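Chemist: Okay, so here is coords13.txt, and as you'll see once you scroll down, it has compact mmCIF, N, CA and C atoms.
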```
# COMPACT_ATOMS: atom_id res chain seq x y z
N MET A 191 0.82 -1.19 0.00
CA MET A 191 0.00 0.00 0.00
C MET A 191 0.87 1.26 0.00
N HIS A 192 2.01 1.19 0.66
CA HIS A 192 2.88 2.37 0.71
C HIS A 192 3.41 2.71 -0.68
N LYS A 193 3.64 1.70 -1.50
CA LYS A 193 4.12 1.96 -2.85
C LYS A 193 3.06 2.64 -3.69
N LEU A 194 1.80 2.29 -3.46
CA LEU A 194 0.73 2.92 -4.22
C LEU A 194 0.59 4.40 -3.89
N LYS A 195 0.93 4.79 -2.66
CA LYS A 195 0.88 6.21 -2.29
C LYS A 195 1.84 7.04 -3.13
N LEU A 196 2.87 6.39 -3.67
CA LEU A 196 3.87 7.08 -4.47
C LEU A 196 3.60 6.98 -5.96
N SER A 197 2.44 6.50 -6.33
CA SER A 197 2.09 6.30 -7.73
C SER A 197 2.10 7.61 -8.50
N ALA A 198 2.44 7.52 -9.77
CA ALA A 198 2.42 8.69 -10.65
C ALA A 198 0.98 9.11 -10.94
N ASN A 199 0.08 8.15 -10.88
CA ASN A 199 -1.34 8.45 -11.08
C ASN A 199 -1.87 9.08 -9.79
N GLN A 200 -2.26 10.34 -9.87
CA GLN A 200 -2.68 11.10 -8.69
C GLN A 200 -3.89 10.48 -7.99
N ARG A 201 -4.83 9.97 -8.76
CA ARG A 201 -6.04 9.37 -8.18
C ARG A 201 -5.69 8.11 -7.39
N VAL A 202 -4.82 7.29 -7.94
CA VAL A 202 -4.39 6.06 -7.25
C VAL A 202 -3.66 6.42 -5.96
N ALA A 203 -2.79 7.40 -6.02
CA ALA A 203 -2.04 7.82 -4.83
C ALA A 203 -2.99 8.36 -3.75
N GLU A 204 -3.99 9.12 -4.16
CA GLU A 204 -4.95 9.68 -3.20
C GLU A 204 -5.78 8.58 -2.53
N LEU A 205 -6.29 7.64 -3.33
CA LEU A 205 -7.08 6.55 -2.77
C LEU A 205 -6.25 5.65 -1.86
N ALA A 206 -5.01 5.43 -2.24
CA ALA A 206 -4.12 4.61 -1.41
C ALA A 206 -3.84 5.28 -0.07
N ALA A 207 -3.66 6.58 -0.08
CA ALA A 207 -3.40 7.31 1.16
C ALA A 207 -4.62 7.26 2.08
N ILE A 208 -5.80 7.42 1.52
CA ILE A 208 -7.02 7.36 2.31
C ILE A 208 -7.21 5.96 2.89
N THR A 209 -7.01 4.95 2.05
CA THR A 209 -7.17 3.56 2.49
C THR A 209 -6.18 3.22 3.60
N LEU A 210 -4.98 3.66 3.46
CA LEU A 210 -3.96 3.41 4.49
C LEU A 210 -4.31 4.11 5.80
N ALA A 211 -4.81 5.33 5.72
CA ALA A 211 -5.22 6.05 6.93
C ALA A 211 -6.35 5.32 7.64
N VAL A 212 -7.31 4.81 6.88
CA VAL A 212 -8.42 4.05 7.47
C VAL A 212 -7.89 2.78 8.12
N ALA A 213 -6.99 2.10 7.46
CA ALA A 213 -6.43 0.86 8.00
C ALA A 213 -5.66 1.11 9.30
N LEU A 214 -5.02 2.23 9.41
CA LEU A 214 -4.28 2.55 10.63
C LEU A 214 -5.23 2.87 11.79
N VAL A 215 -6.34 3.52 11.47
CA VAL A 215 -7.31 3.88 12.51
C VAL A 215 -8.12 2.67 12.96
N LYS A 216 -8.61 1.89 12.01
CA LYS A 216 -9.48 0.75 12.32
C LYS A 216 -9.14 -0.39 11.38
N PRO A 217 -8.16 -1.23 11.75
CA PRO A 217 -7.68 -2.27 10.84
C PRO A 217 -8.70 -3.38 10.55
N HIS A 218 -9.65 -3.61 11.43
CA HIS A 218 -10.63 -4.67 11.22
C HIS A 218 -11.92 -4.07 10.69
N LYS A 219 -12.62 -4.83 9.84
CA LYS A 219 -13.82 -4.31 9.17
C LYS A 219 -15.00 -4.10 10.09
N LYS A 220 -15.10 -4.87 11.14
CA LYS A 220 -16.27 -4.81 11.99
C LYS A 220 -16.43 -3.40 12.58
N ARG A 221 -17.57 -2.79 12.31
CA ARG A 221 -17.94 -1.45 12.79
C ARG A 221 -16.98 -0.35 12.32
N ARG A 222 -16.28 -0.58 11.23
CA ARG A 222 -15.30 0.40 10.74
C ARG A 222 -15.95 1.74 10.42
N LEU A 223 -17.02 1.72 9.65
CA LEU A 223 -17.66 2.98 9.26
C LEU A 223 -18.26 3.69 10.46
N LYS A 224 -18.79 2.95 11.39
CA LYS A 224 -19.37 3.55 12.59
C LYS A 224 -18.29 4.27 13.40
N VAL A 225 -17.15 3.64 13.56
CA VAL A 225 -16.04 4.25 14.30
C VAL A 225 -15.53 5.48 13.57
N LEU A 226 -15.39 5.38 12.26
CA LEU A 226 -14.93 6.53 11.49
C LEU A 226 -15.92 7.69 11.60
N ALA A 227 -17.20 7.40 11.50
CA ALA A 227 -18.22 8.45 11.55
C ALA A 227 -18.25 9.14 12.91
N LYS A 228 -18.06 8.38 13.97
CA LYS A 228 -18.14 8.96 15.31
C LYS A 228 -16.84 9.60 15.78
N GLU A 229 -15.72 8.92 15.54
CA GLU A 229 -14.46 9.34 16.15
C GLU A 229 -13.48 10.01 15.20
N HIS A 230 -13.65 9.80 13.90
CA HIS A 230 -12.72 10.34 12.91
C HIS A 230 -13.51 10.93 11.75
N ARG A 231 -14.29 11.93 12.06
CA ARG A 231 -15.24 12.50 11.10
C ARG A 231 -14.56 12.99 9.82
N GLU A 232 -13.41 13.65 9.94
CA GLU A 232 -12.70 14.17 8.77
C GLU A 232 -12.31 13.05 7.81
N LEU A 233 -11.81 11.96 8.38
CA LEU A 233 -11.42 10.82 7.56
C LEU A 233 -12.65 10.17 6.93
N PHE A 234 -13.74 10.08 7.68
CA PHE A 234 -14.99 9.52 7.15
C PHE A 234 -15.47 10.34 5.95
N ILE A 235 -15.38 11.65 6.04
CA ILE A 235 -15.80 12.52 4.95
C ILE A 235 -14.91 12.29 3.72
N LYS A 236 -13.60 12.17 3.93
CA LYS A 236 -12.69 11.88 2.82
C LYS A 236 -13.05 10.57 2.14
N VAL A 237 -13.34 9.56 2.95
CA VAL A 237 -13.68 8.24 2.40
C VAL A 237 -14.97 8.33 1.59
N SER A 238 -15.97 8.99 2.13
CA SER A 238 -17.25 9.07 1.43
C SER A 238 -17.15 9.91 0.15
N GLU A 239 -16.39 10.99 0.20
CA GLU A 239 -16.22 11.83 -0.99
C GLU A 239 -15.38 11.16 -2.07
N SER A 240 -14.50 10.25 -1.67
CA SER A 240 -13.64 9.58 -2.63
C SER A 240 -14.37 8.52 -3.43
N GLY A 241 -15.52 8.08 -2.92
CA GLY A 241 -16.27 7.04 -3.62
C GLY A 241 -15.92 5.65 -3.17
N LEU A 242 -15.17 5.54 -2.08
CA LEU A 242 -14.78 4.22 -1.58
C LEU A 242 -15.92 3.51 -0.85
N ILE A 243 -16.94 4.27 -0.44
CA ILE A 243 -18.13 3.67 0.18
C ILE A 243 -19.36 4.23 -0.52
N TYR A 244 -20.45 3.52 -0.40
CA TYR A 244 -21.69 3.97 -1.01
C TYR A 244 -22.54 4.73 0.00
N ALA A 245 -23.41 5.57 -0.47
CA ALA A 245 -24.23 6.43 0.39
C ALA A 245 -25.11 5.64 1.34
N HIS A 246 -25.60 4.47 0.96
CA HIS A 246 -26.51 3.74 1.81
C HIS A 246 -25.82 3.10 3.03
N HIS A 247 -24.51 3.18 3.11
CA HIS A 247 -23.80 2.61 4.25
C HIS A 247 -23.85 3.50 5.48
N TYR A 248 -24.14 4.75 5.34
CA TYR A 248 -24.20 5.62 6.49
C TYR A 248 -25.50 6.31 6.45
```
Can I see the file as structure tokens?

Modeler:
Amino acid sequence: MHKLKLSANQRVAELAAITLAVALVKPHKKRRLKVLAKEHRELFIKVSESGLIYAHHY
């Protein structure tokens, strides 16, 4: 994942950075979005705006 952050493709690098940040905050999937929404609102907004999650999940 760290190599993808250095990608020449800006979109790939941005998505990799967001994904890595989420993994560091909440490495396991169980209740991940709930934790992000409550405790890491800025990161949750980045994830939702990036298109990595769908609107019906929150």

Chemist: Just the residues within 8 Å of segment 201-215 of chain A, please, counting all atoms listed in the file, with nothing from its chain fewer than 5 positions along; format it as a list in words.

Modeler: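 Here the qualifying residues turn out to be Met191, His192, Lys193, Leu194, Lys195, Leu196, Arg222, Val225, Leu226, Leu233, Lys236, Val237 and Ser240 of chain A.
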
Chemist: Just to confirm, what's the straight-line distance from atom CA of Pro217 of chain A to atom CA of Arg231 of chain A in Å (one decimal)?

Modeler: 16.6 Å

Chemist: What does the structure give for the distance between atom CA of Ser197 of chain A and atom CA of His218 of chain A, in Å to one decimal?

Modeler: 25.3 Å

Chemist: I need the helix (DSSP H, G or I) residues of chain A per DSSP on the backbone, written as a PyMOL selection string.

Modeler: chain A and resi 192-195+200-215+222-229+231-240+245-247

Chemist: Residues as selected, N, CA and C atoms, written as a tab-separated table (two decimals), keeping the file's coordinate frame, can you do that?

Modeler:
```
chain	number	residue	atom	x	y	z
A	192	HIS	N	2.01	1.19	0.66
A	192	HIS	CA	2.88	2.37	0.71
A	192	HIS	C	3.41	2.71	-0.68
A	193	LYS	N	3.64	1.70	-1.50
A	193	LYS	CA	4.12	1.96	-2.85
A	193	LYS	C	3.06	2.64	-3.69
A	194	LEU	N	1.80	2.29	-3.46
A	194	LEU	CA	0.73	2.92	-4.22
A	194	LEU	C	0.59	4.40	-3.89
A	195	LYS	N	0.93	4.79	-2.66
A	195	LYS	CA	0.88	6.21	-2.29
A	195	LYS	C	1.84	7.04	-3.13
A	200	GLN	N	-2.26	10.34	-9.87
A	200	GLN	CA	-2.68	11.10	-8.69
A	200	GLN	C	-3.89	10.48	-7.99
A	201	ARG	N	-4.83	9.97	-8.76
A	201	ARG	CA	-6.04	9.37	-8.18
A	201	ARG	C	-5.69	8.11	-7.39
A	202	VAL	N	-4.82	7.29	-7.94
A	202	VAL	CA	-4.39	6.06	-7.25
A	202	VAL	C	-3.66	6.42	-5.96
A	203	ALA	N	-2.79	7.40	-6.02
A	203	ALA	CA	-2.04	7.82	-4.83
A	203	ALA	C	-2.99	8.36	-3.75
A	204	GLU	N	-3.99	9.12	-4.16
A	204	GLU	CA	-4.95	9.68	-3.20
A	204	GLU	C	-5.78	8.58	-2.53
A	205	LEU	N	-6.29	7.64	-3.33
A	205	LEU	CA	-7.08	6.55	-2.77
A	205	LEU	C	-6.25	5.65	-1.86
A	206	ALA	N	-5.01	5.43	-2.24
A	206	ALA	CA	-4.12	4.61	-1.41
A	206	ALA	C	-3.84	5.28	-0.07
A	207	ALA	N	-3.66	6.58	-0.08
A	207	ALA	CA	-3.40	7.31	1.16
A	207	ALA	C	-4.62	7.26	2.08
A	208	ILE	N	-5.80	7.42	1.52
A	208	ILE	CA	-7.02	7.36	2.31
A	208	ILE	C	-7.21	5.96	2.89
A	209	THR	N	-7.01	4.95	2.05
A	209	THR	CA	-7.17	3.56	2.49
A	209	THR	C	-6.18	3.22	3.60
A	210	LEU	N	-4.98	3.66	3.46
A	210	LEU	CA	-3.96	3.41	4.49
A	210	LEU	C	-4.31	4.11	5.80
A	211	ALA	N	-4.81	5.33	5.72
A	211	ALA	CA	-5.22	6.05	6.93
A	211	ALA	C	-6.35	5.32	7.64
A	212	VAL	N	-7.31	4.81	6.88
A	212	VAL	CA	-8.42	4.05	7.47
A	212	VAL	C	-7.89	2.78	8.12
A	213	ALA	N	-6.99	2.10	7.46
A	213	ALA	CA	-6.43	0.86	8.00
A	213	ALA	C	-5.66	1.11	9.30
A	214	LEU	N	-5.02	2.23	9.41
A	214	LEU	CA	-4.28	2.55	10.63
A	214	LEU	C	-5.23	2.87	11.79
A	215	VAL	N	-6.34	3.52	11.47
A	215	VAL	CA	-7.31	3.88	12.51
A	215	VAL	C	-8.12	2.67	12.96
A	222	ARG	N	-16.28	-0.58	11.23
A	222	ARG	CA	-15.30	0.40	10.74
A	222	ARG	C	-15.95	1.74	10.42
A	223	LEU	N	-17.02	1.72	9.65
A	223	LEU	CA	-17.66	2.98	9.26
A	223	LEU	C	-18.26	3.69	10.46
A	224	LYS	N	-18.79	2.95	11.39
A	224	LYS	CA	-19.37	3.55	12.59
A	224	LYS	C	-18.29	4.27	13.40
A	225	VAL	N	-17.15	3.64	13.56
A	225	VAL	CA	-16.04	4.25	14.30
A	225	VAL	C	-15.53	5.48	13.57
A	226	LEU	N	-15.39	5.38	12.26
A	226	LEU	CA	-14.93	6.53	11.49
A	226	LEU	C	-15.92	7.69	11.60
A	227	ALA	N	-17.20	7.40	11.50
A	227	ALA	CA	-18.22	8.45	11.55
A	227	ALA	C	-18.25	9.14	12.91
A	228	LYS	N	-18.06	8.38	13.97
A	228	LYS	CA	-18.14	8.96	15.31
A	228	LYS	C	-16.84	9.60	15.78
A	229	GLU	N	-15.72	8.92	15.54
A	229	GLU	CA	-14.46	9.34	16.15
A	229	GLU	C	-13.48	10.01	15.20
A	231	ARG	N	-14.29	11.93	12.06
A	231	ARG	CA	-15.24	12.50	11.10
A	231	ARG	C	-14.56	12.99	9.82
A	232	GLU	N	-13.41	13.65	9.94
A	232	GLU	CA	-12.70	14.17	8.77
A	232	GLU	C	-12.31	13.05	7.81
A	233	LEU	N	-11.81	11.96	8.38
A	233	LEU	CA	-11.42	10.82	7.56
A	233	LEU	C	-12.65	10.17	6.93
A	234	PHE	N	-13.74	10.08	7.68
A	234	PHE	CA	-14.99	9.52	7.15
A	234	PHE	C	-15.47	10.34	5.95
A	235	ILE	N	-15.38	11.65	6.04
A	235	ILE	CA	-15.80	12.52	4.95
A	235	ILE	C	-14.91	12.29	3.72
A	236	LYS	N	-13.60	12.17	3.93
A	236	LYS	CA	-12.69	11.88	2.82
A	236	LYS	C	-13.05	10.57	2.14
A	237	VAL	N	-13.34	9.56	2.95
A	237	VAL	CA	-13.68	8.24	2.40
A	237	VAL	C	-14.97	8.33	1.59
A	238	SER	N	-15.97	8.99	2.13
A	238	SER	CA	-17.25	9.07	1.43
A	238	SER	C	-17.15	9.91	0.15
A	239	GLU	N	-16.39	10.99	0.20
A	239	GLU	CA	-16.22	11.83	-0.99
A	239	GLU	C	-15.38	11.16	-2.07
A	240	SER	N	-14.50	10.25	-1.67
A	240	SER	CA	-13.64	9.58	-2.63
A	240	SER	C	-14.37	8.52	-3.43
A	245	ALA	N	-23.41	5.57	-0.47
A	245	ALA	CA	-24.23	6.43	0.39
A	245	ALA	C	-25.11	5.64	1.34
A	246	HIS	N	-25.60	4.47	0.96
A	246	HIS	CA	-26.51	3.74	1.81
A	246	HIS	C	-25.82	3.10	3.03
A	247	HIS	N	-24.51	3.18	3.11
A	247	HIS	CA	-23.80	2.61	4.25
A	247	HIS	C	-23.85	3.50	5.48
```

Chemist: If I take atom C of Leu223 of chain A and atom CA of Leu242 of chain A, how far is one from the other in Å, to one decimal?

Modeler: 12.5 Å
